[in-house]
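File shown: entry_28.txt (compact mmCIF, C-alpha atoms).
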```
# COMPACT_ATOMS: atom_id res chain seq x y z
CA MET A 1251 11.10 3.02 34.71
CA SER A 1252 7.32 2.97 34.56
CA SER A 1253 5.87 2.13 31.16
CA ASN A 1254 3.27 4.90 31.48
CA LEU A 1255 5.76 7.75 31.34
CA LEU A 1256 4.09 10.41 29.22
CA PHE A 1257 5.08 13.81 27.84
CA ASN A 1258 3.55 17.22 28.31
CA TYR A 1259 4.90 19.97 26.08
CA SER A 1260 4.74 23.65 25.25
CA ILE A 1261 6.08 25.18 22.01
CA SER A 1262 6.22 28.77 20.77
CA THR A 1263 8.01 30.98 18.25
CA ASN A 1264 8.25 34.72 17.67
CA ARG A 1265 10.04 36.74 15.01
CA GLY A 1266 11.02 39.30 17.64
CA LEU A 1267 12.59 42.43 16.21
CA ARG A 1268 13.43 40.77 12.89
CA GLU A 1269 11.36 41.27 9.75
CA ILE A 1270 11.30 37.54 9.01
CA ASN A 1271 11.17 34.56 11.34
CA GLU A 1272 13.99 32.30 10.18
CA ASP A 1273 13.31 29.76 12.96
CA ALA A 1274 11.24 26.64 12.42
CA SER A 1275 10.12 24.02 14.93
CA TRP A 1276 7.83 21.05 15.51
CA VAL A 1277 6.85 18.58 18.23
CA GLY A 1278 5.07 15.30 17.58
CA LEU A 1279 3.95 12.15 19.37
CA ASN A 1280 3.26 8.88 17.57
CA GLY A 1281 0.99 5.96 18.39
CA ASN A 1282 3.60 4.36 20.66
CA ASN A 1283 4.10 7.55 22.69
CA GLN A 1284 7.50 8.24 21.16
CA CYS A 1285 8.22 11.94 20.91
CA LEU A 1286 10.20 14.01 18.41
CA MET A 1287 11.28 17.64 18.96
CA VAL A 1288 12.89 19.59 16.12
CA ILE A 1289 14.26 23.15 16.16
CA CYS A 1290 16.06 24.91 13.32
CA ASP A 1291 17.48 28.44 13.20
CA GLY A 1292 18.20 29.75 9.71
CA ILE A 1293 21.65 31.30 9.38
CA GLY A 1294 21.08 35.04 9.64
CA SER A 1295 24.02 36.05 7.48
CA GLN A 1296 22.50 34.21 4.51
CA ASP A 1297 19.50 35.54 2.61
CA ASP A 1298 16.49 33.20 2.44
CA SER A 1299 17.86 30.94 5.16
CA GLN A 1300 14.32 30.50 6.49
CA ILE A 1301 13.82 28.21 3.50
CA ALA A 1302 16.47 25.85 4.85
CA SER A 1303 15.02 25.76 8.36
CA PHE A 1304 11.47 25.19 7.14
CA ILE A 1305 12.52 22.42 4.74
CA ALA A 1306 14.44 20.54 7.43
CA VAL A 1307 11.61 20.67 9.95
CA ASP A 1308 9.09 19.62 7.31
CA VAL A 1309 11.17 16.60 6.30
CA PHE A 1310 11.43 15.36 9.89
CA ARG A 1311 7.73 16.03 10.52
CA LYS A 1312 6.55 14.15 7.44
CA ASN A 1313 8.81 11.16 8.05
CA PHE A 1314 7.94 10.90 11.73
CA THR A 1315 4.19 11.03 11.17
CA LYS A 1316 4.41 8.20 8.63
CA HIS A 1317 5.32 5.69 11.34
CA SER A 1318 3.43 4.54 14.42
CA LYS A 1319 6.80 3.49 15.87
CA ILE A 1320 10.44 4.29 15.11
CA PHE A 1321 12.58 1.18 15.63
CA ASN A 1322 16.00 2.57 14.65
CA ILE A 1323 16.43 6.23 15.51
CA ASP A 1324 19.91 6.54 13.96
CA ARG A 1325 18.63 5.25 10.63
CA PHE A 1326 15.60 7.54 10.85
CA PHE A 1327 17.73 10.58 11.62
CA ASN A 1328 20.28 9.94 8.89
CA LYS A 1329 17.55 9.36 6.31
CA CYS A 1330 15.86 12.66 7.24
CA LEU A 1331 19.19 14.51 7.37
CA LYS A 1332 20.12 13.33 3.88
CA SER A 1333 16.68 14.18 2.52
CA SER A 1334 16.79 17.63 4.13
CA TYR A 1335 20.19 18.34 2.62
CA ASN A 1336 19.12 17.18 -0.82
CA ASN A 1337 15.92 19.25 -0.74
CA ILE A 1338 17.70 22.37 0.54
CA THR A 1339 20.45 22.07 -2.07
CA ASP A 1340 17.90 21.44 -4.82
CA VAL A 1341 15.96 24.60 -3.94
CA ALA A 1342 19.17 26.64 -3.65
CA ASN A 1343 20.35 25.51 -7.08
CA LYS A 1344 17.04 25.78 -8.92
CA LYS A 1345 15.50 28.87 -7.33
CA LEU A 1346 18.34 30.82 -5.72
CA ASN A 1347 21.05 30.57 -8.39
CA GLY A 1348 23.14 28.29 -6.20
CA ARG A 1349 23.28 30.74 -3.30
CA LYS A 1350 24.15 29.19 0.04
CA ILE A 1351 21.34 28.73 2.54
CA GLY A 1352 21.70 26.92 5.83
CA THR A 1353 20.30 26.27 9.27
CA THR A 1354 21.16 24.93 12.68
CA LEU A 1355 19.45 21.68 13.63
CA VAL A 1356 18.60 20.07 16.95
CA VAL A 1357 16.56 16.87 16.84
CA THR A 1358 15.54 15.15 20.08
CA PHE A 1359 13.87 11.74 20.13
CA ILE A 1360 12.31 10.44 23.34
CA ASP A 1361 11.33 6.80 23.78
CA ASN A 1362 10.01 6.27 27.32
CA ASN A 1363 13.01 7.25 29.50
CA LYS A 1364 15.70 7.24 26.77
CA VAL A 1365 16.60 10.50 25.05
CA THR A 1366 18.67 10.72 21.87
CA THR A 1367 19.68 14.16 20.58
CA TYR A 1368 21.45 15.11 17.36
CA ASN A 1369 22.99 18.55 16.96
CA LEU A 1370 24.41 20.82 14.27
CA GLY A 1371 25.10 24.47 15.09
CA ASP A 1372 24.29 26.50 18.18
CA SER A 1373 20.66 25.84 18.99
CA ARG A 1374 20.59 23.97 22.29
CA LEU A 1375 19.02 21.27 24.45
CA TYR A 1376 19.03 21.47 28.25
CA HIS A 1377 17.95 18.80 30.75
CA PHE A 1378 16.55 19.48 34.20
CA SER A 1379 16.94 16.51 36.57
CA LEU A 1380 14.30 16.50 39.30
CA ILE A 1381 16.40 14.16 41.44
CA ASN A 1382 19.49 16.40 41.27
CA ASN A 1383 17.45 19.61 41.14
CA SER A 1384 19.78 21.02 38.51
CA TRP A 1385 20.05 21.91 34.82
CA THR A 1386 22.61 20.45 32.41
CA GLN A 1387 23.39 21.72 28.92
CA ILE A 1388 23.34 18.62 26.72
CA THR A 1389 24.45 20.01 23.37
CA ARG A 1390 27.71 21.84 22.71
CA ASP A 1391 27.71 24.81 20.34
CA HIS A 1392 29.50 24.35 17.05
CA ASN A 1393 31.20 27.72 16.94
CA LEU A 1394 34.69 29.08 16.42
CA TYR A 1395 35.36 29.50 20.13
CA ASN A 1396 34.70 25.83 20.91
CA HIS A 1397 36.70 24.86 17.83
CA PHE A 1398 39.69 26.76 19.22
CA MET A 1399 39.18 25.09 22.60
CA ASP A 1400 39.25 21.67 20.93
CA LEU A 1401 42.44 22.55 19.07
CA ALA A 1402 44.10 23.71 22.28
CA GLU A 1403 43.08 20.51 24.03
CA LYS A 1404 44.81 18.45 21.34
CA ASP A 1405 47.85 20.70 20.98
CA LYS A 1406 49.12 22.25 24.22
CA THR A 1407 51.42 24.61 22.31
CA ILE A 1408 48.43 26.56 20.97
CA ASP A 1409 47.90 29.90 22.70
CA ILE A 1410 44.13 30.00 23.09
CA ASN A 1411 44.12 33.56 24.41
CA THR A 1412 45.96 34.86 21.36
CA LEU A 1413 43.56 33.05 19.04
CA CYS A 1414 40.53 34.45 20.83
CA VAL A 1415 41.90 38.00 20.70
CA GLN A 1416 42.74 37.71 17.02
CA HIS A 1417 39.26 36.42 16.17
CA ARG A 1418 37.28 38.15 18.93
CA ASN A 1419 34.60 39.35 16.52
CA GLN A 1420 34.06 35.89 15.05
CA LEU A 1421 34.04 33.60 18.07
CA LEU A 1422 30.33 32.82 17.77
CA ALA A 1423 30.56 32.06 14.04
CA LEU A 1424 29.18 28.60 13.23
CA THR A 1425 31.59 25.83 12.28
CA LYS A 1426 28.90 23.23 11.58
CA CYS A 1427 25.36 23.45 10.25
CA LEU A 1428 23.02 22.01 7.63
CA GLU A 1429 23.91 23.98 4.51
CA SER A 1430 23.28 23.65 0.79
CA GLY A 1431 26.20 22.40 -1.27
CA SER A 1432 28.27 21.40 1.76
CA ASN A 1433 28.92 18.07 3.50
CA ILE A 1434 29.66 19.53 6.95
CA HIS A 1435 26.29 18.24 8.19
CA ASN A 1436 27.66 14.69 8.16
CA ASP A 1437 29.84 15.53 11.18
CA TYR A 1438 27.04 16.00 13.69
CA ASP A 1439 27.03 15.39 17.44
CA LYS A 1440 24.91 12.72 19.12
CA PHE A 1441 23.98 12.58 22.80
CA VAL A 1442 22.16 9.78 24.64
CA PHE A 1443 20.91 10.00 28.22
CA GLU A 1444 18.01 8.95 30.44
CA ILE A 1445 15.22 10.95 32.03
CA GLU A 1446 13.02 10.28 35.02
CA LEU A 1447 9.50 11.21 36.01
CA GLY A 1448 9.32 14.96 36.63
CA ASP A 1449 12.36 15.83 34.49
CA VAL A 1450 12.19 18.71 32.00
CA LEU A 1451 13.78 19.24 28.58
CA PHE A 1452 14.27 22.74 27.18
CA GLN A 1453 15.18 23.09 23.51
CA ALA A 1454 15.73 26.58 22.12
CA THR A 1455 17.38 28.88 19.61
CA ASP A 1456 19.99 31.41 20.73
CA GLY A 1457 17.44 34.22 20.61
CA VAL A 1458 15.89 32.64 23.70
CA TYR A 1459 18.59 30.96 25.78
CA HIS A 1460 20.98 33.92 25.67
CA TYR A 1461 18.29 36.13 27.21
CA LEU A 1462 16.95 34.20 30.17
CA LYS A 1463 18.14 32.25 33.18
CA LEU A 1464 17.41 28.55 33.45
CA SER A 1465 15.75 29.24 36.78
CA ASP A 1466 13.19 31.29 34.83
CA ILE A 1467 11.93 28.03 33.34
CA ASN A 1468 11.29 26.52 36.76
CA ASN A 1469 9.55 29.68 37.95
CA VAL A 1470 7.31 29.93 34.90
CA MET A 1471 6.40 26.25 35.16
CA LYS A 1472 5.44 26.65 38.82
CA ASN A 1473 3.18 29.56 37.92
CA ASN A 1474 1.50 27.75 35.01
CA THR A 1475 0.75 24.27 36.33
CA ASN A 1476 -2.82 24.46 35.03
CA ASN A 1477 -1.94 26.11 31.73
CA PHE A 1478 1.15 24.30 30.51
CA ASN A 1479 0.83 25.27 26.86
CA THR A 1480 1.59 28.93 27.68
CA ILE A 1481 4.99 28.21 29.25
CA ALA A 1482 7.08 28.49 26.07
CA LYS A 1483 5.30 31.71 25.08
CA ASN A 1484 5.93 33.18 28.54
CA LEU A 1485 9.64 32.32 28.34
CA ILE A 1486 9.88 34.08 24.98
CA GLN A 1487 8.27 37.14 26.52
CA ILE A 1488 10.94 37.11 29.25
CA ALA A 1489 13.67 36.93 26.59
CA LEU A 1490 12.06 39.80 24.67
CA GLY A 1491 11.90 41.80 27.90
CA ASN A 1492 15.63 41.15 28.31
CA LYS A 1493 16.26 42.80 24.90
CA SER A 1494 16.61 39.76 22.64
CA ASN A 1495 17.19 41.08 19.12
CA ASP A 1496 16.81 37.75 17.31
CA ASN A 1497 14.08 35.31 16.32
CA LEU A 1498 12.93 33.30 19.32
CA THR A 1499 11.80 29.67 19.45
CA CYS A 1500 11.65 27.18 22.30
CA ILE A 1501 10.11 23.90 23.40
CA VAL A 1502 9.54 22.85 27.01
CA MET A 1503 8.94 19.15 27.55
CA GLU A 1504 7.97 17.64 30.92
CA THR A 1505 7.71 13.95 31.77
CA VAL A 1506 4.44 13.15 33.49
CA ASN A 1507 2.69 10.09 34.87
CA GLY A 1508 -0.92 10.07 33.82
CA ASP A 1509 -3.06 12.09 31.45
CA ILE A 1510 -1.29 14.63 29.24
CA LYS A 1511 -2.43 18.18 29.96
CA GLN A 1512 -1.69 19.43 26.42
```
Here is a file; write its structure as structure tokens.
Amino acid sequence: MSSNLLFNYSISTNRGLREINEDASWVGLNGNNQCLMVICDGIGSQDDSQIASFIAVDVFRKNFTKHSKIFNIDRFFNKCLKSSYNNITDVANKKLNGRKIGTTLVVTFIDNNKVTTYNLGDSRLYHFSLINNSWTQITRDHNLYNHFMDLAEKDKTIDINTLCVQHRNQLLALTKCLESGSNIHNDYDKFVFEIELGDVLFQATDGVYHYLKLSDINNVMKNNTNNFNTIAKNLIQIALGNKSNDNLTCIVMETVNGDIKQ
């Protein structure tokens, strides 16, 4: 892999039809061309959940910008995760009378051609391989449906269809997240894979990915080769046109060889 693999990105957010934007996001590059992408989606069923998403993103941003190079990404992530939890819980206890607030969390770290992603909840990361000309969903949603699927995989006597019918109105309910006063964030998922020149990463909240096709990303990128920073905004407009009723946030990251267009 060439040592001059660089990153070109586009990021955008929109509150959509909601009164408050509970999403938070950030992209940063350090002095060694390592990249960090963070997306959080505050849990909509909890009041003031935007506080949790904003705190988490801010913790990762501040810690990443302190270092010109991250040598141990697992240690960095766990330090930021613990700090985020402590700060969120502290605010909930001191300012919200102990009320629960929480958020999804997807953190993606890119170091040349190696990608490491950590996930809690149902915000997602997708990878487009130029060589295979195909998209792959990297993260797996932490929701009740996938929890039932895991149970059925371990215990063949479980009737998955009956479970899904019984809980049909709750299948998308989160089973893991970053939440005040709860240790469920310690059971996060980690994914490691490699990217090549010309590959694309797409990180988004459910208000975006549920309301567009992955081929839309390729089409929008082809039509905005000279204006890359508008790509994420254009994808959000497509999702809004497809009747998204949620907050919308996404990041599009392309590997390039040469000067960054951003």
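What separates CA of Ser1373 in chain A from CA of Lys1316 in chain A is a distance of 26.1 Å.
Proximity of A:Lys1319, A:Lys1345, A:Arg1265, A:His1417 to Ile1301 in chain A, computed with only C-alpha atoms, is greatest for A:Lys1345.
The gap separating CA of Ile1289 in chain A from CA of Ser1260 in chain A is 13.2 Å, in Å to one decimal.
Interatomic distance, CA of Thr1425 in chain A against CA of Leu1394 in chain A: 6.1 Å.
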May I have the protein, DNA and RNA residues with any atom at most 12 Å from the point (16.6, 34.9, 0.8), counting only C-alpha atoms, written as a ChimeraX atom specification? /A:1270-1272,1292-1303,1341-1342,1345-1352
Selection file, C-alpha atoms, as a compact mmCIF listing (two decimals), in the frame of the given file:
```
# COMPACT_ATOMS: atom_id res chain seq x y z
CA ILE A 1270 11.30 37.54 9.01
CA ASN A 1271 11.17 34.56 11.34
CA GLU A 1272 13.99 32.30 10.18
CA GLY A 1292 18.20 29.75 9.71
CA ILE A 1293 21.65 31.30 9.38
CA GLY A 1294 21.08 35.04 9.64
CA SER A 1295 24.02 36.05 7.48
CA GLN A 1296 22.50 34.21 4.51
CA ASP A 1297 19.50 35.54 2.61
CA ASP A 1298 16.49 33.20 2.44
CA SER A 1299 17.86 30.94 5.16
CA GLN A 1300 14.32 30.50 6.49
CA ILE A 1301 13.82 28.21 3.50
CA ALA A 1302 16.47 25.85 4.85
CA SER A 1303 15.02 25.76 8.36
CA VAL A 1341 15.96 24.60 -3.94
CA ALA A 1342 19.17 26.64 -3.65
CA LYS A 1345 15.50 28.87 -7.33
CA LEU A 1346 18.34 30.82 -5.72
CA ASN A 1347 21.05 30.57 -8.39
CA GLY A 1348 23.14 28.29 -6.20
CA ARG A 1349 23.28 30.74 -3.30
CA LYS A 1350 24.15 29.19 0.04
CA ILE A 1351 21.34 28.73 2.54
CA GLY A 1352 21.70 26.92 5.83
```
6 Å per side around range 1404-1414 of chain A: axis-aligned box centre and edge lengths, as lines of an AutoDock Vina configuration file:
```
center_x = 46.0
center_y = 26.7
center_z = 21.7
size_x = 22.9
size_y = 28.4
size_z = 17.4
```
Within 9 Å of range 1329-1333 of chain A: each range 1407-1494 of chain A residue with its shortest pair, all atoms listed in the file, as a tab-separated table:
```
residue	atom	partner	partner_atom	distance
A:Leu1428	CA	A:Leu1331	CA	8.4
A:His1435	CA	A:Leu1331	CA	8.1
A:Asn1436	CA	A:Leu1331	CA	8.5
```
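Across A:Thr1339, A:Asn1282, A:Ile1467, A:Asn1313, the tightest approach to Arg1325 in chain A is made by A:Asn1313 when counting all atoms listed in the file.
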Could you model all heavy atoms for range 1487-1498 of chain A and present them as a CSV table (one decimal), in the coordinates of the input?
```csv
chain,number,residue,atom,x,y,z
A,1487,GLN,N,8.5,35.8,26.1
A,1487,GLN,CA,8.3,37.1,26.5
A,1487,GLN,C,9.3,37.6,27.5
A,1487,GLN,O,9.7,38.8,27.5
A,1487,GLN,CB,6.9,37.2,27.2
A,1487,GLN,CG,5.7,37.0,26.2
A,1487,GLN,CD,5.8,38.0,25.0
A,1487,GLN,OE1,5.9,39.2,25.2
A,1487,GLN,NE2,5.7,37.5,23.8
A,1488,ILE,N,9.8,36.7,28.3
A,1488,ILE,CA,10.9,37.1,29.2
A,1488,ILE,C,12.2,37.5,28.4
A,1488,ILE,O,12.8,38.5,28.7
A,1488,ILE,CB,11.3,36.0,30.2
A,1488,ILE,CG1,10.1,35.8,31.2
A,1488,ILE,CG2,12.6,36.2,31.0
A,1488,ILE,CD1,10.3,34.6,32.1
A,1489,ALA,N,12.5,36.7,27.4
A,1489,ALA,CA,13.7,36.9,26.6
A,1489,ALA,C,13.5,38.3,25.8
A,1489,ALA,O,14.5,39.0,25.7
A,1489,ALA,CB,13.9,35.8,25.6
A,1490,LEU,N,12.3,38.5,25.3
A,1490,LEU,CA,12.1,39.8,24.7
A,1490,LEU,C,12.2,41.0,25.7
A,1490,LEU,O,12.8,42.0,25.3
A,1490,LEU,CB,10.7,39.8,24.1
A,1490,LEU,CG,10.5,39.0,22.8
A,1490,LEU,CD1,9.0,38.9,22.4
A,1490,LEU,CD2,11.3,39.6,21.6
A,1491,GLY,N,11.7,40.8,26.9
A,1491,GLY,CA,11.9,41.8,27.9
A,1491,GLY,C,13.3,42.0,28.3
A,1491,GLY,O,13.7,43.1,28.7
A,1492,ASN,N,14.2,41.0,28.1
A,1492,ASN,CA,15.6,41.2,28.3
A,1492,ASN,C,16.4,41.6,27.1
A,1492,ASN,O,17.6,41.4,27.0
A,1492,ASN,CB,16.2,39.8,28.8
A,1492,ASN,CG,15.7,39.5,30.3
A,1492,ASN,OD1,15.4,40.4,31.0
A,1492,ASN,ND2,15.6,38.3,30.6
A,1493,LYS,N,15.7,42.1,26.1
A,1493,LYS,CA,16.3,42.8,24.9
A,1493,LYS,C,16.8,41.8,23.9
A,1493,LYS,O,17.8,42.1,23.2
A,1493,LYS,CB,17.4,43.8,25.3
A,1493,LYS,CG,17.0,44.8,26.4
A,1493,LYS,CD,15.7,45.6,26.0
A,1493,LYS,CE,15.4,46.6,27.1
A,1493,LYS,NZ,14.1,47.3,26.7
A,1494,SER,N,16.2,40.6,23.7
A,1494,SER,CA,16.6,39.8,22.6
A,1494,SER,C,16.3,40.5,21.3
A,1494,SER,O,15.3,41.0,21.1
A,1494,SER,CB,15.8,38.5,22.7
A,1494,SER,OG,16.1,37.6,21.6
A,1495,ASN,N,17.3,40.4,20.4
A,1495,ASN,CA,17.2,41.1,19.1
A,1495,ASN,C,17.2,40.1,18.0
A,1495,ASN,O,17.5,40.4,16.8
A,1495,ASN,CB,18.3,42.1,18.9
A,1495,ASN,CG,19.7,41.4,18.9
A,1495,ASN,OD1,19.8,40.2,19.2
A,1495,ASN,ND2,20.7,42.2,18.6
A,1496,ASP,N,16.8,38.8,18.3
A,1496,ASP,CA,16.8,37.8,17.3
A,1496,ASP,C,15.4,37.1,17.2
A,1496,ASP,O,14.5,37.4,18.0
A,1496,ASP,CB,17.9,36.7,17.7
A,1496,ASP,CG,18.4,35.9,16.6
A,1496,ASP,OD1,17.7,35.9,15.5
A,1496,ASP,OD2,19.4,35.2,16.8
A,1497,ASN,N,15.3,36.2,16.3
A,1497,ASN,CA,14.1,35.3,16.3
A,1497,ASN,C,14.1,34.5,17.6
A,1497,ASN,O,15.2,34.1,18.1
A,1497,ASN,CB,14.0,34.4,15.1
A,1497,ASN,CG,14.0,35.2,13.8
A,1497,ASN,OD1,14.6,34.7,12.8
A,1497,ASN,ND2,13.3,36.3,13.7
A,1498,LEU,N,13.0,34.0,18.1
A,1498,LEU,CA,12.9,33.3,19.3
A,1498,LEU,C,12.0,32.1,19.2
A,1498,LEU,O,10.9,32.2,18.8
A,1498,LEU,CB,12.4,34.2,20.5
A,1498,LEU,CG,13.1,35.5,20.7
A,1498,LEU,CD1,12.3,36.6,20.0
A,1498,LEU,CD2,13.1,35.8,22.2
```
